[in-house]
file model-v6.pdb (PDB, C-alpha atoms)
ATOM      1  CA  MET L 506      93.330  83.221 113.044
ATOM      2  CA  ILE L 507      95.696  81.540 115.488
ATOM      3  CA  ARG L 508      95.040  78.198 113.821
ATOM      4  CA  ILE L 509      95.648  79.648 110.350
ATOM      5  CA  GLN L 510      98.959  81.187 111.439
ATOM      6  CA  ARG L 511     100.131  77.955 113.039
ATOM      7  CA  GLU L 512      99.217  75.979 109.938
ATOM      8  CA  MET L 513     100.942  78.504 107.660
ATOM      9  CA  SER L 514     104.101  78.413 109.765
ATOM     10  CA  LYS L 515     104.393  74.700 108.912
ATOM     11  CA  GLU L 516     104.473  75.605 105.211
ATOM     12  CA  VAL L 517     107.311  78.124 105.560
ATOM     13  CA  VAL L 518     110.530  77.028 103.847
ATOM     14  CA  ILE L 519     113.888  78.406 105.004
ATOM     15  CA  ARG L 520     116.376  77.876 102.189
ATOM     16  CA  PRO L 521     118.932  79.955 100.273
ATOM     17  CA  LEU L 522     117.764  81.774  97.173
ATOM     18  CA  ASP L 523     119.083  79.872  94.172
ATOM     19  CA  PHE L 524     118.954  82.901  91.857
ATOM     20  CA  VAL L 525     119.797  86.596  91.925
ATOM     21  CA  PRO L 526     116.625  88.703  91.671
ATOM     22  CA  LYS L 527     116.318  91.185  88.816
ATOM     23  CA  ARG L 528     113.409  93.033  90.448
ATOM     24  CA  ILE L 529     112.609  93.543  94.118
ATOM     25  CA  GLY L 530     109.326  94.814  95.533
ATOM     26  CA  GLY L 531     108.287  96.642  98.670
ATOM     27  CA  PHE L 532     104.938  97.309 100.326
ATOM     28  CA  ASP L 533     103.629  99.875 102.764
ATOM     29  CA  LEU L 534     100.203 100.685 104.180
ATOM     30  CA  SER L 535      98.771 103.815 105.713
ATOM     31  CA  TYR L 536      95.370 104.637 107.148
ATOM     32  CA  PRO L 537      94.029 108.019 105.999
ATOM     33  CA  ARG L 538      90.828 106.990 107.757
ATOM     34  CA  LYS L 539      90.159 104.345 110.390
ATOM     35  CA  ASP L 540      88.263 102.205 107.884
ATOM     36  CA  ILE L 541      90.431 102.861 104.807
ATOM     37  CA  ALA L 542      93.803 101.264 104.034
ATOM     38  CA  LEU L 543      96.045 102.959 101.497
ATOM     39  CA  ALA L 544      98.413 100.334 100.048
ATOM     40  CA  VAL L 545     101.470 101.008  97.895
ATOM     41  CA  CYS L 546     103.711  98.584  96.036
ATOM     42  CA  VAL L 547     106.975  99.665  94.424
ATOM     43  CA  VAL L 548     109.175  97.594  92.133
ATOM     44  CA  LEU L 549     112.882  98.369  91.825
ATOM     45  CA  SER L 550     115.605  96.959  89.609
ATOM     46  CA  TYR L 551     118.293  94.977  91.403
ATOM     47  CA  PRO L 552     121.098  95.616  92.162
ATOM     48  CA  ASP L 553     120.970  99.234  90.932
ATOM     49  CA  LEU L 554     117.719 100.010  92.834
ATOM     50  CA  GLU L 555     116.075 102.154  90.147
ATOM     51  CA  LEU L 556     112.300 102.574  90.354
ATOM     52  CA  ILE L 557     110.521 100.513  87.689
ATOM     53  CA  GLU L 558     106.896 100.748  88.780
ATOM     54  CA  MET L 559     104.617 102.015  91.540
ATOM     55  CA  LYS L 560     100.971 101.179  92.073
ATOM     56  CA  TRP L 561      98.575 102.099  94.844
ATOM     57  CA  THR L 562      95.034 101.368  95.933
ATOM     58  CA  ALA L 563      92.634 102.291  98.718
ATOM     59  CA  VAL L 564      90.620  99.481 100.322
ATOM     60  CA  LYS L 565      87.886  99.469 102.939
ATOM     61  CA  VAL L 566      89.104  97.699 106.093
ATOM     62  CA  GLU L 567      86.744  95.523 108.089
ATOM     63  CA  MET L 568      89.087  94.191 110.762
ATOM     64  CA  PRO L 569      90.438  96.279 113.662
ATOM     65  CA  TYR L 570      94.138  96.411 114.501
ATOM     66  CA  ILE L 571      95.072  93.461 116.733
ATOM     67  CA  PRO L 572      98.766  92.938 117.567
ATOM     68  CA  THR L 573     100.321  89.825 115.916
ATOM     69  CA  PHE L 574      97.374  89.519 113.476
ATOM     70  CA  LEU L 575      98.423  92.261 111.058
ATOM     71  CA  SER L 576      98.258  89.904 108.055
ATOM     72  CA  PHE L 577      94.495  89.570 108.301
ATOM     73  CA  ARG L 578      93.995  93.339 108.420
ATOM     74  CA  GLU L 579      96.485  94.334 105.717
ATOM     75  CA  GLY L 580      96.567  91.214 103.529
ATOM     76  CA  PRO L 581      93.549  92.064 101.325
ATOM     77  CA  ALA L 582      94.929  95.506 100.430
ATOM     78  CA  ILE L 583      98.377  94.054  99.708
ATOM     79  CA  GLU L 584      96.875  91.353  97.485
ATOM     80  CA  LYS L 585      94.910  93.956  95.542
ATOM     81  CA  VAL L 586      97.840  96.292  94.915
ATOM     82  CA  TYR L 587     100.152  93.387  94.055
ATOM     83  CA  GLY L 588      97.645  92.284  91.443
ATOM     84  CA  MET L 589      97.932  95.704  89.789
ATOM     85  CA  ILE L 590     101.704  95.410  89.274
ATOM     86  CA  GLU L 591     102.777  94.580  85.714
ATOM     87  CA  GLU L 592     106.498  93.945  86.364
ATOM     88  CA  LYS L 593     106.206  91.339  89.092
ATOM     89  CA  PRO L 594     109.168  91.374  91.536
ATOM     90  CA  ASP L 595     111.299  88.299  92.216
ATOM     91  CA  LEU L 596     111.855  89.108  95.915
ATOM     92  CA  LEU L 597     109.447  90.915  98.262
ATOM     93  CA  PHE L 598     110.161  93.162 101.259
ATOM     94  CA  PHE L 599     107.536  93.830 103.932
ATOM     95  CA  ASP L 600     107.432  96.362 106.750
ATOM     96  CA  GLY L 601     106.812  93.751 109.418
ATOM     97  CA  GLN L 602     107.820  90.344 110.674
ATOM     98  CA  GLY L 603     108.544  87.092 108.928
ATOM     99  CA  ILE L 604     109.052  84.055 111.167
ATOM    100  CA  ALA L 605     110.189  86.234 114.104
ATOM    101  CA  HIS L 606     106.594  86.092 115.301
ATOM    102  CA  PRO L 607     104.884  84.320 118.223
ATOM    103  CA  ARG L 608     103.356  81.751 115.875
ATOM    104  CA  GLY L 609     106.089  81.812 113.221
ATOM    105  CA  ALA L 610     103.997  83.505 110.547
ATOM    106  CA  GLY L 611     104.138  87.287 110.397
ATOM    107  CA  ILE L 612     102.959  89.295 107.424
ATOM    108  CA  ALA L 613     106.057  88.525 105.321
ATOM    109  CA  SER L 614     105.453  84.791 105.764
ATOM    110  CA  TYR L 615     101.721  85.103 105.155
ATOM    111  CA  MET L 616     102.203  86.999 101.893
ATOM    112  CA  ALA L 617     105.127  84.839 100.697
ATOM    113  CA  LEU L 618     102.884  81.795 100.873
ATOM    114  CA  LYS L 619      99.961  83.634  99.275
ATOM    115  CA  PHE L 620     102.088  84.864  96.353
ATOM    116  CA  HIS L 621     104.503  81.877  96.219
ATOM    117  CA  LYS L 622     107.375  84.363  96.218
ATOM    118  CA  PRO L 623     110.502  84.710  98.391
ATOM    119  CA  SER L 624     110.038  87.418 100.990
ATOM    120  CA  ILE L 625     111.840  89.204 103.796
ATOM    121  CA  GLY L 626     110.253  90.869 106.807
ATOM    122  CA  VAL L 627     112.036  94.091 107.785
ATOM    123  CA  ALA L 628     110.597  95.440 111.043
ATOM    124  CA  LYS L 629     111.613  98.653 112.746
ATOM    125  CA  SER L 630     110.901  97.257 116.219
ATOM    126  CA  HIS L 631     111.212  94.002 118.126
ATOM    127  CA  LEU L 632     108.171  91.744 118.418
ATOM    128  CA  PHE L 633     109.284  88.286 119.494
ATOM    129  CA  GLY L 634     112.381  86.337 120.484
ATOM    130  CA  GLU L 635     115.566  87.037 122.406
ATOM    131  CA  TYR L 636     118.643  88.819 121.091
ATOM    132  CA  LYS L 637     121.720  90.824 121.980
ATOM    133  CA  ASP L 638     122.370  94.258 120.560
ATOM    134  CA  PRO L 639     124.690  94.132 117.534
ATOM    135  CA  GLY L 640     127.773  96.308 117.124
ATOM    136  CA  LYS L 641     127.388  99.941 116.128
ATOM    137  CA  LEU L 642     128.672  99.668 112.547
ATOM    138  CA  ARG L 643     126.789  98.998 109.317
ATOM    139  CA  GLY L 644     126.601  95.261 108.704
ATOM    140  CA  ASP L 645     126.932  94.265 112.361
ATOM    141  CA  PHE L 646     124.263  91.764 113.383
ATOM    142  CA  GLU L 647     123.137  89.311 116.047
ATOM    143  CA  TYR L 648     120.711  86.419 115.698
ATOM    144  CA  ILE L 649     117.226  86.454 117.183
ATOM    145  CA  TYR L 650     116.354  83.240 119.034
ATOM    146  CA  SER L 651     113.210  81.468 120.120
ATOM    147  CA  GLY L 652     114.711  79.085 122.662
ATOM    148  CA  SER L 653     117.650  77.561 120.777
ATOM    149  CA  GLU L 654     116.111  78.162 117.325
ATOM    150  CA  VAL L 655     117.284  81.063 115.150
ATOM    151  CA  ILE L 656     114.295  83.047 113.874
ATOM    152  CA  GLY L 657     115.873  86.242 112.548
ATOM    153  CA  VAL L 658     118.686  88.769 112.705
ATOM    154  CA  VAL L 659     119.044  92.147 114.373
ATOM    155  CA  LEU L 660     120.865  94.071 111.672
ATOM    156  CA  ARG L 661     122.623  97.439 111.772
ATOM    157  CA  THR L 662     122.066  99.037 108.353
ATOM    158  CA  LYS L 663     123.730 102.357 109.139
ATOM    159  CA  ASP L 664     126.502 103.323 111.563
ATOM    160  CA  ASN L 665     125.245 104.347 115.012
ATOM    161  CA  VAL L 666     121.561 104.090 114.006
ATOM    162  CA  LYS L 667     118.941 101.796 115.536
ATOM    163  CA  PRO L 668     119.051  98.290 114.021
ATOM    164  CA  LEU L 669     116.295  96.561 112.076
ATOM    165  CA  PHE L 670     114.664  93.238 112.963
ATOM    166  CA  VAL L 671     114.917  91.123 109.841
ATOM    167  CA  SER L 672     113.513  87.633 109.360
ATOM    168  CA  PRO L 673     112.637  85.278 106.519
ATOM    169  CA  GLY L 674     109.090  85.272 105.256
ATOM    170  CA  SER L 675     109.647  82.092 103.274
ATOM    171  CA  PHE L 676     111.884  80.705 100.512
ATOM    172  CA  VAL L 677     114.973  82.604 101.765
ATOM    173  CA  ASP L 678     117.473  81.987 104.559
ATOM    174  CA  PHE L 679     118.998  84.227 107.222
ATOM    175  CA  LYS L 680     122.043  85.121 105.127
ATOM    176  CA  ASP L 681     119.745  86.203 102.286
ATOM    177  CA  CYS L 682     117.811  88.372 104.723
ATOM    178  CA  ALA L 683     120.928  90.175 105.940
ATOM    179  CA  ASP L 684     122.634  90.431 102.538
ATOM    180  CA  TYR L 685     119.662  91.607 100.487
ATOM    181  CA  THR L 686     118.551  94.049 103.158
ATOM    182  CA  LEU L 687     122.027  95.594 103.356
ATOM    183  CA  ASN L 688     122.444  95.625  99.571
ATOM    184  CA  SER L 689     119.088  97.389  99.216
ATOM    185  CA  CYS L 690     119.980 100.256 101.554
ATOM    186  CA  LYS L 691     121.153 103.484  99.896
ATOM    187  CA  GLY L 692     122.464 105.379 102.892
ATOM    188  CA  TYR L 693     119.225 105.184 104.866
ATOM    189  CA  ARG L 694     118.217 102.960 107.751
ATOM    190  CA  LEU L 695     115.467 101.268 105.727
ATOM    191  CA  PRO L 696     115.964  99.283 102.518
ATOM    192  CA  GLU L 697     114.772 101.121  99.411
ATOM    193  CA  PRO L 698     111.716  98.935  98.659
ATOM    194  CA  THR L 699     109.981  99.673 101.970
ATOM    195  CA  ARG L 700     111.461 103.171 102.309
ATOM    196  CA  LEU L 701     110.099 104.290  98.930
ATOM    197  CA  ALA L 702     106.750 102.588  99.512
ATOM    198  CA  ASP L 703     106.478 104.446 102.824
ATOM    199  CA  MET L 704     107.431 107.725 101.116
ATOM    200  CA  TYR L 705     104.700 107.280  98.511
ATOM    201  CA  THR L 706     102.029 106.369 101.074
ATOM    202  CA  LYS L 707     102.803 109.578 102.979
ATOM    203  CA  LYS L 708     102.672 111.634  99.774
ATOM    204  CA  LEU L 709      99.423 110.040  98.576
ATOM    205  CA  ARG L 710      97.823 110.362 101.983
ATOM    206  CA  LYS L 711      98.376 114.131 101.920
ATOM    207  CA  GLU L 712      96.828 114.354  98.472
ATOM    208  CA  MET L 713      93.770 112.207  99.138
ATOM    209  CA  ILE L 714      90.396 113.681 100.003
ATOM    210  CA  LEU L 715      88.433 111.118 101.998
TER     211      LEU L 715
END
call {"tool": "encode", "arguments": {"input": "model-v6.pdb", "output": "structure tokens"}}
result
Amino acid sequence: MIRIQREMSKEVVIRPLDFVPKRIGGFDLSYPRKDIALAVCVVLSYPDLELIEMKWTAVKVEMPYIPTFLSFREGPAIEKVYGMIEEKPDLLFFDGQGIAHPRGAGIASYMALKFHKPSIGVAKSHLFGEYKDPGKLRGDFEYIYSGSEVIGVVLRTKDNVKPLFVSPGSFVDFKDCADYTLNSCKGYRLPEPTRLADMYTKKLRKEMIL
């Protein structure tokens, strides 16, 4: 798994998006049982952030949770639910890391390369790299560094609320990560694609009998 991540990190491309997405997608997973992953994908219009489509699936999980190897545990469920989506998104958001990862290939990078789609990792907590706290106002940010290399941004998406740790998966740059994350927030800390996906996983989990 370490070798795969290191090889994938070499394939990551950091470059500005050369188009404005019409649809953006978000993913979230929950575990109603230790061996079952509940995966949700939502697709929203952009920039008005109206829900276009939501699909979900439940998949048996073989691999245990191991920090920094989330892609291998959650990837199969994400691939399955993405395959169910009819209105494919142009830009993907993941609840996790992009290149701000010990081996430069978090789940957002892993899935961007699998799907050949631009992606952004939006994590609620710090995993890797050094940073300074940004200012307290919405839009304030600081870069995350690995040595002298920029690997992400710590972004304040709401005044006086904990920042998010945002990094490119692939096929986007750091400005895209900050801009699209901010533009996808509707008064909440989390951007709408991952916030709505999380909301649906919680709702579905309550309704499921497993």
call {"tool": "closest_atom_pairs", "arguments": {"input": "model-v6.pdb", "of": "stretch 646-678 of chain L", "to": "stretch 686-707 of chain L", "cutoff": "10 Å", "atoms": "all atoms listed in the file", "output": "Markdown table"}}
result
| residue | atom | partner | partner_atom | distance |
| --- | --- | --- | --- | --- |
| L:Leu660 | CA | L:Leu687 | CA | 8.5 |
| L:Arg661 | CA | L:Arg694 | CA | 8.1 |
| L:Thr662 | CA | L:Arg694 | CA | 5.5 |
| L:Lys663 | CA | L:Arg694 | CA | 5.7 |
| L:Asp664 | CA | L:Arg694 | CA | 9.1 |
| L:Val666 | CA | L:Arg694 | CA | 7.2 |
| L:Lys667 | CA | L:Arg694 | CA | 7.9 |
| L:Pro668 | CA | L:Arg694 | CA | 7.9 |
| L:Leu669 | CA | L:Leu695 | CA | 7.9 |
| L:Val671 | CA | L:Thr686 | CA | 8.2 |
call {"tool": "resolve_selection", "arguments": {"input": "model-v6.pdb", "expression": "the PyMOL selection byres ((chain L and resi 540) around 8)", "output": "VMD selection string"}}
result
chain L and resid 536 538 to 539 541 to 542 565 to 567
call {"tool": "write_last_selection", "arguments": {"input": "model-v6.pdb", "atoms": "C-alpha atoms", "output": "PDB file, keeping the file's coordinate frame"}}
result
ATOM      1  CA  TYR L 536      95.370 104.637 107.148  1.00  0.00           C
ATOM      2  CA  ARG L 538      90.828 106.990 107.757  1.00  0.00           C
ATOM      3  CA  LYS L 539      90.159 104.345 110.390  1.00  0.00           C
ATOM      4  CA  ILE L 541      90.431 102.861 104.807  1.00  0.00           C
ATOM      5  CA  ALA L 542      93.803 101.264 104.034  1.00  0.00           C
ATOM      6  CA  LYS L 565      87.886  99.469 102.939  1.00  0.00           C
ATOM      7  CA  VAL L 566      89.104  97.699 106.093  1.00  0.00           C
ATOM      8  CA  GLU L 567      86.744  95.523 108.089  1.00  0.00           C
TER       9      GLU L 567
END
call {"tool": "residues_around", "arguments": {"input": "model-v6.pdb", "residues": "L:Lys622", "least_positions_apart": "5", "cutoff": "10 Å", "atoms": "only C-alpha atoms", "output": "PDB file with C-alpha atoms, in the frame of the given file"}}
result
ATOM      1  CA  PRO L 594     109.168  91.374  91.536  1.00  0.00           C
ATOM      2  CA  ASP L 595     111.299  88.299  92.216  1.00  0.00           C
ATOM      3  CA  LEU L 596     111.855  89.108  95.915  1.00  0.00           C
ATOM      4  CA  LEU L 597     109.447  90.915  98.262  1.00  0.00           C
ATOM      5  CA  SER L 614     105.453  84.791 105.764  1.00  0.00           C
ATOM      6  CA  MET L 616     102.203  86.999 101.893  1.00  0.00           C
ATOM      7  CA  ALA L 617     105.127  84.839 100.697  1.00  0.00           C
ATOM      8  CA  GLY L 674     109.090  85.272 105.256  1.00  0.00           C
ATOM      9  CA  SER L 675     109.647  82.092 103.274  1.00  0.00           C
ATOM     10  CA  PHE L 676     111.884  80.705 100.512  1.00  0.00           C
ATOM     11  CA  VAL L 677     114.973  82.604 101.765  1.00  0.00           C
TER      12      VAL L 677
END
call {"tool": "residues_around", "arguments": {"input": "model-v6.pdb", "residues": "L:Gly588", "least_positions_apart": "6", "cutoff": "12 Å", "atoms": "all atoms listed in the file", "output": "PyMOL selection string"}}
result
chain L and resi 544-546+559-562+581-582+594+619-620
call {"tool": "atom_distance", "arguments": {"input": "model-v6.pdb", "atom1": "atom CA of L:Arg528", "atom2": "atom CA of L:Leu618"}}
result
18.6 Å
call {"tool": "atom_distance", "arguments": {"input": "model-v6.pdb", "atom1": "atom CA of L:Ala605", "atom2": "atom CA of L:Gly626"}}
result
8.6 Å
call {"tool": "closest_residue", "arguments": {"input": "model-v6.pdb", "among": "L:Leu534, L:Met713, L:Ile529, L:Ile507", "to": "L:Ser550", "atoms": "only C-alpha atoms"}}
result
L:Ile529
call {"tool": "axis_aligned_box", "arguments": {"input": "model-v6.pdb", "around": "stretch 547-564 of chain L", "padding_each_side": "6 Å", "output": "AutoDock Vina command-line options"}}
result
--center_x 105.9 --center_y 98.8 --center_z 94.0 --size_x 42.5 --size_y 19.6 --size_z 24.6
call {"tool": "residues_around", "arguments": {"input": "model-v6.pdb", "residues": "L:Ile604", "least_positions_apart": "6", "cutoff": "9 Å", "atoms": "all atoms listed in the file", "output": "compact mmCIF listing (two decimals) with C-alpha atoms, in the frame of the given file"}}
result
# COMPACT_ATOMS: atom_id res chain seq x y z
CA SER L 514 104.10 78.41 109.76
CA VAL L 517 107.31 78.12 105.56
CA ALA L 610 104.00 83.50 110.55
CA GLY L 611 104.14 87.29 110.40
CA ILE L 612 102.96 89.30 107.42
CA ALA L 613 106.06 88.52 105.32
CA SER L 614 105.45 84.79 105.76
CA GLY L 626 110.25 90.87 106.81
CA ILE L 656 114.30 83.05 113.87
CA GLY L 657 115.87 86.24 112.55
CA SER L 672 113.51 87.63 109.36
CA PRO L 673 112.64 85.28 106.52
CA GLY L 674 109.09 85.27 105.26
CA SER L 675 109.65 82.09 103.27
call {"tool": "atom_distance", "arguments": {"input": "model-v6.pdb", "atom1": "atom CA of L:Leu522", "atom2": "atom CA of L:Met589"}}
result
25.3 Å
call {"tool": "closest_residue", "arguments": {"input": "model-v6.pdb", "among": "L:Gly580, L:Ile625, L:Lys641, L:Glu591", "to": "L:Met568", "atoms": "only C-alpha atoms"}}
result
L:Gly580
call {"tool": "closest_residue", "arguments": {"input": "model-v6.pdb", "among": "L:Val586, L:Leu575, L:Pro537, L:Glu635", "to": "L:Leu709", "atoms": "all atoms listed in the file"}}
result
L:Pro537
call {"tool": "residues_around", "arguments": {"input": "model-v6.pdb", "residues": "L:Asp600", "least_positions_apart": "3", "cutoff": "8 Å", "atoms": "all atoms listed in the file", "output": "list in words"}}
result
Phe532, Asp533, Gly626, Val627, Ala628, Lys629 and Thr699 of chain L
call {"tool": "closest_residue", "arguments": {"input": "model-v6.pdb", "among": "L:Pro552, L:Gly609, L:Pro526, L:Gly652", "to": "L:Phe574", "atoms": "all atoms listed in the file"}}
result
L:Gly609
call {"tool": "resolve_selection", "arguments": {"input": "model-v6.pdb", "expression": "the PyMOL selection byres ((chain L and resi 646) around 6)", "output": "ChimeraX atom specification"}}
result
/L:639,645,647,659-660
call {"tool": "closest_residue", "arguments": {"input": "model-v6.pdb", "among": "L:Thr573, L:Asn665, L:Ser535, L:Gln510", "to": "L:Gly644", "atoms": "all atoms listed in the file"}}
result
L:Asn665
call {"tool": "residues_around", "arguments": {"input": "model-v6.pdb", "residues": "L:Glu592", "least_positions_apart": "4", "cutoff": "8 Å", "atoms": "all atoms listed in the file", "output": "mmCIF file with C-alpha atoms, in the frame of the given file"}}
result
data_model
loop_
_atom_site.group_PDB
_atom_site.id
_atom_site.type_symbol
_atom_site.label_atom_id
_atom_site.label_comp_id
_atom_site.auth_asym_id
_atom_site.auth_seq_id
_atom_site.Cartn_x
_atom_site.Cartn_y
_atom_site.Cartn_z
ATOM 1 C CA VAL L 548 109.175 97.594 92.133
ATOM 2 C CA ILE L 557 110.521 100.513 87.689
ATOM 3 C CA GLU L 558 106.896 100.748 88.780
#
call {"tool": "closest_residue", "arguments": {"input": "model-v6.pdb", "among": "L:Arg710, L:Ile519, L:Pro607, L:Tyr685", "to": "L:Ala563", "atoms": "all atoms listed in the file"}}
result
L:Arg710
call {"tool": "build_atoms", "arguments": {"input": "model-v6.pdb", "residues": "stretch 690-714 of chain L", "atoms": "N, CA and C atoms", "output": "mmCIF file, in the coordinates of the input"}}
result
data_model
loop_
_atom_site.group_PDB
_atom_site.id
_atom_site.type_symbol
_atom_site.label_atom_id
_atom_site.label_comp_id
_atom_site.auth_asym_id
_atom_site.auth_seq_id
_atom_site.Cartn_x
_atom_site.Cartn_y
_atom_site.Cartn_z
ATOM 1 N N CYS L 690 119.949 98.980 100.833
ATOM 2 C CA CYS L 690 119.980 100.256 101.554
ATOM 3 C C CYS L 690 120.879 101.245 100.821
ATOM 4 N N LYS L 691 120.379 102.450 100.590
ATOM 5 C CA LYS L 691 121.153 103.484 99.896
ATOM 6 C C LYS L 691 121.439 104.644 100.852
ATOM 7 N N GLY L 692 122.091 104.340 101.952
ATOM 8 C CA GLY L 692 122.464 105.379 102.892
ATOM 9 C C GLY L 692 121.412 105.702 103.933
ATOM 10 N N TYR L 693 120.296 104.996 103.893
ATOM 11 C CA TYR L 693 119.225 105.184 104.866
ATOM 12 C C TYR L 693 119.142 103.954 105.766
ATOM 13 N N ARG L 694 118.408 104.094 106.852
ATOM 14 C CA ARG L 694 118.217 102.960 107.751
ATOM 15 C C ARG L 694 117.403 101.857 107.086
ATOM 16 N N LEU L 695 116.365 102.243 106.339
ATOM 17 C CA LEU L 695 115.467 101.268 105.727
ATOM 18 C C LEU L 695 115.925 100.898 104.325
ATOM 19 N N PRO L 696 115.683 99.649 103.901
ATOM 20 C CA PRO L 696 115.964 99.283 102.518
ATOM 21 C C PRO L 696 115.036 100.037 101.573
ATOM 22 N N GLU L 697 115.510 100.291 100.362
ATOM 23 C CA GLU L 697 114.772 101.121 99.411
ATOM 24 C C GLU L 697 113.356 100.639 99.109
ATOM 25 N N PRO L 698 113.097 99.330 98.992
ATOM 26 C CA PRO L 698 111.716 98.935 98.659
ATOM 27 C C PRO L 698 110.688 99.421 99.680
ATOM 28 N N THR L 699 110.962 99.233 100.974
ATOM 29 C CA THR L 699 109.981 99.673 101.970
ATOM 30 C C THR L 699 110.105 101.170 102.245
ATOM 31 N N ARG L 700 111.297 101.726 102.090
ATOM 32 C CA ARG L 700 111.461 103.171 102.309
ATOM 33 C C ARG L 700 110.686 103.972 101.259
ATOM 34 N N LEU L 701 110.811 103.576 99.989
ATOM 35 C CA LEU L 701 110.099 104.290 98.930
ATOM 36 C C LEU L 701 108.589 104.066 99.031
ATOM 37 N N ALA L 702 108.187 102.844 99.352
ATOM 38 C CA ALA L 702 106.750 102.588 99.512
ATOM 39 C C ALA L 702 106.175 103.463 100.617
ATOM 40 N N ASP L 703 106.906 103.579 101.726
ATOM 41 C CA ASP L 703 106.478 104.446 102.824
ATOM 42 C C ASP L 703 106.424 105.909 102.382
ATOM 43 N N MET L 704 107.401 106.345 101.614
ATOM 44 C CA MET L 704 107.431 107.725 101.116
ATOM 45 C C MET L 704 106.206 108.023 100.252
ATOM 46 N N TYR L 705 105.855 107.071 99.377
ATOM 47 C CA TYR L 705 104.700 107.280 98.511
ATOM 48 C C TYR L 705 103.384 107.242 99.285
ATOM 49 N N THR L 706 103.282 106.380 100.302
ATOM 50 C CA THR L 706 102.029 106.369 101.074
ATOM 51 C C THR L 706 101.833 107.701 101.794
ATOM 52 N N LYS L 707 102.903 108.268 102.311
ATOM 53 C CA LYS L 707 102.803 109.578 102.979
ATOM 54 C C LYS L 707 102.391 110.667 101.991
ATOM 55 N N LYS L 708 102.994 110.635 100.800
ATOM 56 C CA LYS L 708 102.672 111.634 99.774
ATOM 57 C C LYS L 708 101.206 111.501 99.322
ATOM 58 N N LEU L 709 100.790 110.278 99.046
ATOM 59 C CA LEU L 709 99.423 110.040 98.576
ATOM 60 C C LEU L 709 98.402 110.392 99.647
ATOM 61 N N ARG L 710 98.743 110.076 100.886
ATOM 62 C CA ARG L 710 97.823 110.362 101.983
ATOM 63 C C ARG L 710 97.533 111.867 102.093
ATOM 64 N N LYS L 711 98.574 112.676 101.885
ATOM 65 C CA LYS L 711 98.376 114.131 101.920
ATOM 66 C C LYS L 711 97.495 114.633 100.792
ATOM 67 N N GLU L 712 97.553 113.917 99.652
ATOM 68 C CA GLU L 712 96.828 114.354 98.472
ATOM 69 C C GLU L 712 95.394 113.838 98.422
ATOM 70 N N MET L 713 95.100 112.821 99.208
ATOM 71 C CA MET L 713 93.770 112.207 99.138
ATOM 72 C C MET L 713 92.730 113.019 99.886
ATOM 73 N N ILE L 714 91.544 113.059 99.347
ATOM 74 C CA ILE L 714 90.396 113.681 100.003
ATOM 75 C C ILE L 714 89.399 112.584 100.313
#
